[in-house]
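Asker: Here you go, run.pdb (PDB, C-alpha atoms):
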```pdb
ATOM      1  CA  LYS A 443      13.106   7.302  14.680  1.00  0.00           C
ATOM      2  CA  PHE A 444      11.950   3.745  14.907  1.00  0.00           C
ATOM      3  CA  GLY A 445       9.422   2.007  17.114  1.00  0.00           C
ATOM      4  CA  ILE A 446       5.759   1.959  17.845  1.00  0.00           C
ATOM      5  CA  GLY A 447       4.237   5.328  18.602  1.00  0.00           C
ATOM      6  CA  GLN A 448       7.515   7.265  18.710  1.00  0.00           C
ATOM      7  CA  GLY A 449       6.559   8.584  22.144  1.00  0.00           C
ATOM      8  CA  LYS A 450       2.837   8.989  21.429  1.00  0.00           C
ATOM      9  CA  LYS A 451       0.346   6.688  23.101  1.00  0.00           C
ATOM     10  CA  THR A 452      -1.924   5.136  20.489  1.00  0.00           C
ATOM     11  CA  ALA A 453      -5.563   5.934  21.249  1.00  0.00           C
ATOM     12  CA  ARG A 454      -8.436   3.483  20.998  1.00  0.00           C
ATOM     13  CA  ASN A 455      -9.946   3.474  17.468  1.00  0.00           C
ATOM     14  CA  GLU A 456      -6.894   5.236  16.065  1.00  0.00           C
ATOM     15  CA  ILE A 457      -5.447   4.170  12.705  1.00  0.00           C
ATOM     16  CA  ASN A 458      -1.702   3.629  12.404  1.00  0.00           C
ATOM     17  CA  ARG A 459       0.375   2.890   9.343  1.00  0.00           C
ATOM     18  CA  LEU A 460       3.269   0.450   9.616  1.00  0.00           C
ATOM     19  CA  ASP A 461       5.997   0.965   7.016  1.00  0.00           C
ATOM     20  CA  LEU A 462       8.929  -1.245   6.124  1.00  0.00           C
ATOM     21  CA  GLN A 463      11.717  -0.407   3.716  1.00  0.00           C
ATOM     22  CA  ALA A 464      14.533  -2.893   3.327  1.00  0.00           C
ATOM     23  CA  THR A 465      17.584  -3.377   1.163  1.00  0.00           C
ATOM     24  CA  LEU A 466      19.633  -6.471   0.495  1.00  0.00           C
ATOM     25  CA  TYR A 467      22.724  -6.520  -1.716  1.00  0.00           C
ATOM     26  CA  GLY A 468      21.759  -3.171  -3.210  1.00  0.00           C
ATOM     27  CA  TYR A 469      18.147  -4.086  -4.061  1.00  0.00           C
ATOM     28  CA  TRP A 470      15.086  -2.650  -2.341  1.00  0.00           C
ATOM     29  CA  ALA A 471      11.694  -3.796  -1.063  1.00  0.00           C
ATOM     30  CA  PHE A 472       8.753  -1.971   0.515  1.00  0.00           C
ATOM     31  CA  GLY A 473       5.779  -2.940   2.583  1.00  0.00           C
ATOM     32  CA  SER A 474       3.122  -0.934   4.413  1.00  0.00           C
ATOM     33  CA  ARG A 475       0.078  -2.058   6.309  1.00  0.00           C
ATOM     34  CA  ILE A 476      -2.672  -0.421   8.328  1.00  0.00           C
ATOM     35  CA  MET A 477      -3.352  -1.179  11.992  1.00  0.00           C
ATOM     36  CA  THR A 478      -6.248  -0.086  14.180  1.00  0.00           C
ATOM     37  CA  MET A 479      -6.214   0.055  17.955  1.00  0.00           C
ATOM     38  CA  GLY A 480      -9.226  -2.137  18.652  1.00  0.00           C
ATOM     39  CA  TRP A 481     -11.773  -3.195  16.049  1.00  0.00           C
ATOM     40  CA  PRO A 482     -12.038  -0.709  13.161  1.00  0.00           C
ATOM     41  CA  LEU A 483     -14.994   1.660  13.204  1.00  0.00           C
ATOM     42  CA  PRO A 484     -17.417   1.295  10.254  1.00  0.00           C
ATOM     43  CA  GLU A 485     -16.051   4.366   8.449  1.00  0.00           C
ATOM     44  CA  GLN A 486     -12.480   3.127   8.972  1.00  0.00           C
ATOM     45  CA  ALA A 487     -13.447  -0.284   7.586  1.00  0.00           C
ATOM     46  CA  LYS A 488     -15.003   1.392   4.526  1.00  0.00           C
ATOM     47  CA  ALA A 489     -11.818   3.356   3.810  1.00  0.00           C
ATOM     48  CA  TYR A 490      -9.732   0.215   4.263  1.00  0.00           C
ATOM     49  CA  ASP A 491     -12.049  -1.779   1.998  1.00  0.00           C
ATOM     50  CA  GLY A 492     -11.570   0.917  -0.654  1.00  0.00           C
ATOM     51  CA  LEU A 493      -7.812   0.542  -0.286  1.00  0.00           C
ATOM     52  CA  VAL A 494      -8.154  -3.230  -0.743  1.00  0.00           C
ATOM     53  CA  ALA A 495     -10.307  -2.692  -3.863  1.00  0.00           C
ATOM     54  CA  MET A 496      -7.672  -0.356  -5.327  1.00  0.00           C
ATOM     55  CA  ARG A 497      -4.940  -2.903  -4.670  1.00  0.00           C
ATOM     56  CA  LYS A 498      -6.948  -5.688  -6.272  1.00  0.00           C
ATOM     57  CA  ALA A 499      -7.638  -3.541  -9.347  1.00  0.00           C
ATOM     58  CA  ALA A 500      -3.937  -2.704  -9.698  1.00  0.00           C
ATOM     59  CA  LEU A 501      -2.887  -6.355  -9.418  1.00  0.00           C
ATOM     60  CA  GLU A 502      -5.450  -7.316 -12.079  1.00  0.00           C
ATOM     61  CA  ALA A 503      -4.208  -4.538 -14.397  1.00  0.00           C
ATOM     62  CA  VAL A 504      -0.525  -5.542 -14.179  1.00  0.00           C
ATOM     63  CA  ARG A 505       0.625  -7.383 -17.302  1.00  0.00           C
ATOM     64  CA  PRO A 506       3.464  -6.944 -19.760  1.00  0.00           C
ATOM     65  CA  GLY A 507       2.589  -4.143 -22.196  1.00  0.00           C
ATOM     66  CA  ALA A 508       0.165  -2.323 -19.862  1.00  0.00           C
ATOM     67  CA  ALA A 509       1.085   1.309 -19.240  1.00  0.00           C
ATOM     68  CA  CYS A 510       1.764   2.586 -15.731  1.00  0.00           C
ATOM     69  CA  ALA A 511      -1.072   5.087 -16.246  1.00  0.00           C
ATOM     70  CA  ASP A 512      -3.419   2.100 -16.810  1.00  0.00           C
ATOM     71  CA  LEU A 513      -2.692   0.871 -13.278  1.00  0.00           C
ATOM     72  CA  TYR A 514      -3.450   4.331 -11.901  1.00  0.00           C
ATOM     73  CA  ALA A 515      -6.729   4.462 -13.864  1.00  0.00           C
ATOM     74  CA  ALA A 516      -7.747   1.012 -12.622  1.00  0.00           C
ATOM     75  CA  MET A 517      -7.105   2.049  -9.002  1.00  0.00           C
ATOM     76  CA  LEU A 518      -8.975   5.332  -9.484  1.00  0.00           C
ATOM     77  CA  GLU A 519     -12.038   3.528 -10.858  1.00  0.00           C
ATOM     78  CA  ALA A 520     -11.933   1.016  -7.989  1.00  0.00           C
ATOM     79  CA  ALA A 521     -11.845   3.848  -5.427  1.00  0.00           C
ATOM     80  CA  ARG A 522     -14.834   5.540  -7.044  1.00  0.00           C
ATOM     81  CA  SER A 523     -16.761   2.257  -7.184  1.00  0.00           C
ATOM     82  CA  ALA A 524     -15.998   1.636  -3.493  1.00  0.00           C
ATOM     83  CA  GLY A 525     -17.223   5.118  -2.566  1.00  0.00           C
ATOM     84  CA  VAL A 526     -13.936   6.258  -1.028  1.00  0.00           C
ATOM     85  CA  VAL A 527     -11.936   9.416  -1.631  1.00  0.00           C
ATOM     86  CA  PRO A 528      -8.662   8.667  -3.444  1.00  0.00           C
ATOM     87  CA  VAL A 529      -5.706  10.883  -2.589  1.00  0.00           C
ATOM     88  CA  ALA A 530      -4.558  12.603  -5.780  1.00  0.00           C
ATOM     89  CA  GLY A 531      -1.259  14.357  -6.393  1.00  0.00           C
ATOM     90  CA  VAL A 532       0.869  11.491  -5.058  1.00  0.00           C
ATOM     91  CA  ARG A 533       2.387   8.497  -6.802  1.00  0.00           C
ATOM     92  CA  TRP A 534       0.387   5.295  -6.402  1.00  0.00           C
ATOM     93  CA  GLY A 535       3.488   3.258  -7.075  1.00  0.00           C
ATOM     94  CA  HIS A 536       6.958   3.310  -8.553  1.00  0.00           C
ATOM     95  CA  GLY A 537       9.792   1.225  -9.833  1.00  0.00           C
ATOM     96  CA  ILE A 538      12.362  -0.266  -7.499  1.00  0.00           C
ATOM     97  CA  GLY A 539      15.882  -1.328  -8.332  1.00  0.00           C
ATOM     98  CA  VAL A 540      19.218   0.092  -7.314  1.00  0.00           C
ATOM     99  CA  ALA A 541      17.359   3.158  -5.984  1.00  0.00           C
ATOM    100  CA  SER A 542      14.540   2.796  -3.477  1.00  0.00           C
ATOM    101  CA  GLN A 543      12.218   4.807  -5.724  1.00  0.00           C
ATOM    102  CA  GLU A 544      12.788   5.141  -9.448  1.00  0.00           C
ATOM    103  CA  SER A 545      10.850   5.276 -12.683  1.00  0.00           C
ATOM    104  CA  PRO A 546       8.452   4.204 -13.899  1.00  0.00           C
ATOM    105  CA  TRP A 547       5.850   6.029 -11.802  1.00  0.00           C
ATOM    106  CA  ILE A 548       2.242   4.937 -11.232  1.00  0.00           C
ATOM    107  CA  VAL A 549       0.726   8.323 -12.092  1.00  0.00           C
ATOM    108  CA  PRO A 550      -1.864   9.459 -14.672  1.00  0.00           C
ATOM    109  CA  GLY A 551       0.601  10.570 -17.351  1.00  0.00           C
ATOM    110  CA  ASP A 552       3.243   7.824 -17.265  1.00  0.00           C
ATOM    111  CA  ARG A 553       2.791   5.770 -20.469  1.00  0.00           C
ATOM    112  CA  THR A 554       5.822   3.553 -19.719  1.00  0.00           C
ATOM    113  CA  PRO A 555       4.906  -0.007 -20.710  1.00  0.00           C
ATOM    114  CA  LEU A 556       5.421  -2.722 -18.107  1.00  0.00           C
ATOM    115  CA  ARG A 557       7.892  -5.436 -19.040  1.00  0.00           C
ATOM    116  CA  GLU A 558       8.642  -8.850 -17.609  1.00  0.00           C
ATOM    117  CA  GLY A 559      11.245  -8.597 -14.871  1.00  0.00           C
ATOM    118  CA  MET A 560      10.270  -5.100 -13.690  1.00  0.00           C
ATOM    119  CA  VAL A 561       9.933  -4.730  -9.931  1.00  0.00           C
ATOM    120  CA  LEU A 562       7.366  -2.204  -8.702  1.00  0.00           C
ATOM    121  CA  ALA A 563       5.919  -0.981  -5.430  1.00  0.00           C
ATOM    122  CA  LEU A 564       2.145  -0.546  -5.658  1.00  0.00           C
ATOM    123  CA  CYS A 565       0.882   2.087  -3.230  1.00  0.00           C
ATOM    124  CA  PRO A 566      -2.800   3.040  -3.453  1.00  0.00           C
ATOM    125  CA  HIS A 567      -3.849   6.024  -1.285  1.00  0.00           C
ATOM    126  CA  VAL A 568      -7.274   6.880   0.167  1.00  0.00           C
ATOM    127  CA  GLN A 569      -8.508   9.513   2.572  1.00  0.00           C
ATOM    128  CA  GLY A 570      -9.514   8.132   5.960  1.00  0.00           C
ATOM    129  CA  PRO A 571     -12.628   9.226   7.864  1.00  0.00           C
ATOM    130  CA  ASP A 572     -10.744  11.900   9.820  1.00  0.00           C
ATOM    131  CA  GLY A 573      -8.822  13.203   6.805  1.00  0.00           C
ATOM    132  CA  GLU A 574      -5.786  11.019   7.438  1.00  0.00           C
ATOM    133  CA  ILE A 575      -4.052   9.406   4.483  1.00  0.00           C
ATOM    134  CA  LEU A 576      -4.264   5.627   4.368  1.00  0.00           C
ATOM    135  CA  TYR A 577      -2.051   3.648   2.068  1.00  0.00           C
ATOM    136  CA  ALA A 578      -0.445   0.279   1.831  1.00  0.00           C
ATOM    137  CA  ARG A 579       2.413  -0.957  -0.319  1.00  0.00           C
ATOM    138  CA  ASP A 580       3.354  -4.226  -1.903  1.00  0.00           C
ATOM    139  CA  THR A 581       6.435  -5.082  -3.895  1.00  0.00           C
ATOM    140  CA  ILE A 582       5.598  -6.994  -7.085  1.00  0.00           C
ATOM    141  CA  LEU A 583       7.484  -8.607  -9.949  1.00  0.00           C
ATOM    142  CA  VAL A 584       5.979  -8.272 -13.422  1.00  0.00           C
ATOM    143  CA  ASP A 585       5.933 -11.703 -15.067  1.00  0.00           C
ATOM    144  CA  PHE A 586       4.349 -13.340 -18.106  1.00  0.00           C
ATOM    145  CA  ASN A 587       1.142 -14.112 -16.139  1.00  0.00           C
ATOM    146  CA  GLY A 588       0.763 -10.561 -14.814  1.00  0.00           C
ATOM    147  CA  CYS A 589       2.649 -10.281 -11.562  1.00  0.00           C
ATOM    148  CA  LYS A 590       3.935 -12.085  -8.536  1.00  0.00           C
ATOM    149  CA  ILE A 591       3.649 -10.486  -5.097  1.00  0.00           C
ATOM    150  CA  LEU A 592       7.025 -10.509  -3.372  1.00  0.00           C
ATOM    151  CA  GLY A 593       7.315 -10.659   0.396  1.00  0.00           C
ATOM    152  CA  TRP A 594       3.690 -11.626   1.051  1.00  0.00           C
ATOM    153  CA  TYR A 595       3.136 -12.118   4.774  1.00  0.00           C
ATOM    154  CA  LYS A 596      -0.475 -11.322   5.650  1.00  0.00           C
ATOM    155  CA  ASP A 597      -3.911 -11.566   4.153  1.00  0.00           C
ATOM    156  CA  TRP A 598      -4.666  -8.032   2.969  1.00  0.00           C
ATOM    157  CA  ARG A 599      -8.470  -8.268   3.359  1.00  0.00           C
ATOM    158  CA  GLU A 600      -8.439  -6.721   6.819  1.00  0.00           C
ATOM    159  CA  PRO A 601      -6.198  -4.396   8.811  1.00  0.00           C
ATOM    160  CA  TYR A 602      -4.058  -5.558  11.683  1.00  0.00           C
ATOM    161  CA  ILE A 603      -6.035  -5.167  14.891  1.00  0.00           C
ATOM    162  CA  ALA A 604      -4.227  -4.450  18.164  1.00  0.00           C
ATOM    163  CA  SER A 605      -5.598  -4.740  21.680  1.00  0.00           C
ATOM    164  CA  ASP A 606      -4.932  -2.218  24.425  1.00  0.00           C
ATOM    165  CA  SER A 607      -2.456  -4.591  26.041  1.00  0.00           C
ATOM    166  CA  TYR A 608       0.599  -3.943  23.859  1.00  0.00           C
ATOM    167  CA  TYR A 609       3.236  -1.334  24.537  1.00  0.00           C
ATOM    168  CA  SER A 610       2.241   1.722  22.554  1.00  0.00           C
ATOM    169  CA  GLY A 611       4.914   4.244  23.411  1.00  0.00           C
ATOM    170  CA  GLY A 612       4.772   7.283  25.646  1.00  0.00           C
ATOM    171  CA  GLY A 613       3.027   5.201  28.301  1.00  0.00           C
TER     172      GLY A 613
END
```
Just give me the structure of the file as structure tokens.
Answerer:
Amino acid sequence: KFGIGQGKKTARNEINRLDLQATLYGYWAFGSRIMTMGWPLPEQAKAYDGLVAMRKAALEAVRPGAACADLYAAMLEAARSAGVVPVAGVRWGHGIGVASQESPWIVPGDRTPLREGMVLALCPHVQGPDGEILYARDTILVDFNGCKILGWYKDWREPYIASDSYYSGGG
């Protein structure tokens, strides 16, 4: 199914996740962002800020020679410092190439070293205030400086905020 709400009317103060997966000439890209219906509540903003901190830590940890597990550890420390609950037991990123998800994996035990030219999806996960899972994804290219974010289209420091005036499905 595609579309906003998939038949469910989005409630005020509800968090939604917008996901995009695209392929072009056999190569893949991912993007995910968070949206709130109306201004985020303080506890929602805290969870989102933790997600942003995890993303920033991962981007700072990306460099040729760093292990995938190092990115996971950097995101875990950022979540703890931000006072949010990270969601364990899921991958916080993966390689992308001719398959939409492939090794290496951003998990605690993956010691695969990053190399220039690798394309990864970073995907930190935190628990939202009502137990929901919040995550966001970016596709990056590992380069000699660290990494380049591919497909950048919005400042990540805040979630998308929707008013009650848009069509939200299920009407």
Asker: Which neighbours of region 551-561 of chain A fall inside 8 Å, counting all atoms listed in the file, when residues of the same chain fewer than 2 positions from it are skipped, and could you give them as a PyMOL selection string?
Answerer: chain A and resi 504-511+537-539+546-549+563+581-586
Asker: Please report the interatomic distance between CA of Ala530 (chain A) and CA of Pro482 (chain A) in Å with one decimal.
Answerer: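 It comes out at 24.3 Å.
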Asker: Nearest residue to Val529 (chain A) out of A:Leu466, A:Met517, A:Ile575, A:Ala487, using only C-alpha atoms?
Answerer: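 Closest to Val529 (chain A) of all the choices is A:Ile575.
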Asker: By how many Å are CA of Gly525 (chain A) and CA of Gly492 (chain A) apart?
Answerer: 7.3 Å
Asker: Once the PyMOL selection byres ((chain A and resi 495) around 9) is applied to the coordinates I shared, what remains selected? I want it as a count of residues only.
Answerer: 15
Asker: For a test of reading the model, state the distance in Å between CA of Leu513 (chain A) and CA of Gly570 (chain A), rounded to one decimal.
Answerer: 21.7 Å
Asker: Counting all atoms listed in the file, which residue out of A:Ala541, A:Leu501, A:Cys565, A:Val527 sits closest to Lys590 (chain A)?
Answerer: A:Leu501
Asker: Counting only C-alpha atoms, which of A:Leu564, A:Ile457, A:Val540, A:Leu462 gets nearest to Trp481 (chain A)?
Answerer: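 Nearest candidate to Trp481 (chain A) out of A:Leu564, A:Ile457, A:Val540, A:Leu462: A:Ile457.
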Asker: Evaluate the PyMOL selection byres ((chain A and resi 479) around 6) and record the selected residues as a list of chain:residue names, following the chain and residue labels used in the document.
Answerer: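 With the PyMOL selection byres ((chain A and resi 479) around 6) on this model, the match is A:Arg454, A:Asn455, A:Glu456, A:Thr478, A:Gly480, A:Ala604.
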Asker: Enclose region 550-558 of chain A, meaning all of its atoms listed in the file, in a box aligned along x, y and z, pad it by 5 Å on each side, and list the centre and edge lengths in Å to one decimal, as JSON.
Answerer:
```
{"center_x": 3.4, "center_y": 0.9, "center_z": -17.7, "size_x": 20.5, "size_y": 29.4, "size_z": 16.0}
```
Asker: Save region 475-506 of chain A from what I just supplied, as a CSV table (one decimal), in the first residue's frame, atoms limited to N, CA, C and O atoms.
Answerer:
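This is the output file decode.csv:
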```
chain,number,residue,atom,x,y,z
A,475,ARG,N,11.9,9.8,7.3
A,475,ARG,CA,11.8,11.0,8.2
A,475,ARG,C,10.6,10.8,9.1
A,475,ARG,O,9.7,10.1,8.8
A,476,ILE,N,10.6,11.6,10.1
A,476,ILE,CA,9.5,11.6,11.1
A,476,ILE,C,8.6,12.8,10.9
A,476,ILE,O,9.1,13.9,10.6
A,477,MET,N,7.3,12.7,11.1
A,477,MET,CA,6.4,13.8,10.9
A,477,MET,C,5.5,13.7,12.1
A,477,MET,O,5.1,12.6,12.6
A,478,THR,N,5.2,14.9,12.7
A,478,THR,CA,4.1,15.0,13.7
A,478,THR,C,2.9,15.7,13.2
A,478,THR,O,3.1,16.6,12.4
A,479,MET,N,1.8,15.4,13.7
A,479,MET,CA,0.6,16.1,13.3
A,479,MET,C,0.4,17.2,14.4
A,479,MET,O,0.0,17.0,15.5
A,480,GLY,N,0.8,18.4,14.0
A,480,GLY,CA,0.8,19.5,14.9
A,480,GLY,C,2.2,19.6,15.5
A,480,GLY,O,3.1,18.7,15.3
A,481,TRP,N,2.5,20.6,16.3
A,481,TRP,CA,3.8,20.7,17.0
A,481,TRP,C,4.1,19.5,17.9
A,481,TRP,O,3.2,19.0,18.6
A,482,PRO,N,5.3,19.0,17.8
A,482,PRO,CA,5.6,17.8,18.7
A,482,PRO,C,5.5,18.2,20.2
A,482,PRO,O,5.8,19.3,20.6
A,483,LEU,N,5.0,17.2,20.9
A,483,LEU,CA,4.9,17.3,22.4
A,483,LEU,C,6.4,17.2,22.9
A,483,LEU,O,7.3,16.7,22.3
A,484,PRO,N,6.6,17.7,24.1
A,484,PRO,CA,8.0,17.7,24.7
A,484,PRO,C,8.6,16.4,24.7
A,484,PRO,O,9.8,16.3,24.3
A,485,GLU,N,7.9,15.3,25.0
A,485,GLU,CA,8.5,14.0,25.1
A,485,GLU,C,8.8,13.5,23.7
A,485,GLU,O,9.7,12.7,23.5
A,486,GLN,N,8.0,13.9,22.7
A,486,GLN,CA,8.3,13.5,21.3
A,486,GLN,C,9.5,14.2,20.8
A,486,GLN,O,10.3,13.6,20.1
A,487,ALA,N,9.6,15.5,21.2
A,487,ALA,CA,10.8,16.3,20.8
A,487,ALA,C,12.1,15.7,21.4
A,487,ALA,O,13.1,15.6,20.7
A,488,LYS,N,12.0,15.2,22.6
A,488,LYS,CA,13.2,14.6,23.3
A,488,LYS,C,13.6,13.4,22.5
A,488,LYS,O,14.8,13.2,22.3
A,489,ALA,N,12.6,12.5,22.2
A,489,ALA,CA,13.0,11.3,21.4
A,489,ALA,C,13.6,11.7,20.1
A,489,ALA,O,14.6,11.1,19.7
A,490,TYR,N,13.0,12.6,19.4
A,490,TYR,CA,13.5,13.0,18.1
A,490,TYR,C,14.9,13.6,18.2
A,490,TYR,O,15.8,13.3,17.4
A,491,ASP,N,15.1,14.4,19.3
A,491,ASP,CA,16.5,15.0,19.5
A,491,ASP,C,17.5,13.9,19.7
A,491,ASP,O,18.6,14.0,19.3
A,492,GLY,N,17.1,12.8,20.4
A,492,GLY,CA,18.0,11.7,20.6
A,492,GLY,C,18.3,11.0,19.3
A,492,GLY,O,19.5,10.6,19.0
A,493,LEU,N,17.3,10.9,18.4
A,493,LEU,CA,17.6,10.4,17.1
A,493,LEU,C,18.6,11.2,16.3
A,493,LEU,O,19.5,10.7,15.7
A,494,VAL,N,18.4,12.5,16.4
A,494,VAL,CA,19.3,13.5,15.7
A,494,VAL,C,20.7,13.3,16.3
A,494,VAL,O,21.7,13.3,15.5
A,495,ALA,N,20.8,13.2,17.6
A,495,ALA,CA,22.2,13.0,18.2
A,495,ALA,C,22.8,11.7,17.7
A,495,ALA,O,24.0,11.7,17.5
A,496,MET,N,22.0,10.6,17.6
A,496,MET,CA,22.6,9.4,17.1
A,496,MET,C,23.1,9.5,15.7
A,496,MET,O,24.1,9.0,15.3
A,497,ARG,N,22.3,10.2,14.9
A,497,ARG,CA,22.7,10.4,13.5
A,497,ARG,C,24.0,11.2,13.4
A,497,ARG,O,24.9,10.8,12.7
A,498,LYS,N,24.1,12.2,14.2
A,498,LYS,CA,25.3,13.1,14.2
A,498,LYS,C,26.5,12.3,14.6
A,498,LYS,O,27.6,12.3,14.0
A,499,ALA,N,26.3,11.4,15.6
A,499,ALA,CA,27.4,10.6,16.1
A,499,ALA,C,27.9,9.6,15.0
A,499,ALA,O,29.1,9.4,14.8
A,500,ALA,N,26.9,9.0,14.3
A,500,ALA,CA,27.3,8.1,13.3
A,500,ALA,C,28.0,8.8,12.1
A,500,ALA,O,29.1,8.3,11.7
A,501,LEU,N,27.5,9.9,11.7
A,501,LEU,CA,28.2,10.7,10.6
A,501,LEU,C,29.6,11.0,11.0
A,501,LEU,O,30.5,11.0,10.2
A,502,GLU,N,29.8,11.4,12.3
A,502,GLU,CA,31.2,11.8,12.8
A,502,GLU,C,32.1,10.5,12.9
A,502,GLU,O,33.3,10.7,12.7
A,503,ALA,N,31.5,9.4,13.1
A,503,ALA,CA,32.3,8.1,13.2
A,503,ALA,C,32.7,7.5,11.9
A,503,ALA,O,33.6,6.7,11.8
A,504,VAL,N,32.0,7.9,10.8
A,504,VAL,CA,32.3,7.3,9.5
A,504,VAL,C,33.6,7.8,8.9
A,504,VAL,O,33.8,9.0,8.8
A,505,ARG,N,34.5,6.9,8.6
A,505,ARG,CA,35.7,7.2,8.0
A,505,ARG,C,36.3,5.9,7.5
A,505,ARG,O,36.1,4.9,8.1
A,506,PRO,N,37.1,6.0,6.4
A,506,PRO,CA,37.7,4.7,6.0
A,506,PRO,C,38.5,4.1,7.1
A,506,PRO,O,39.3,4.8,7.8
```
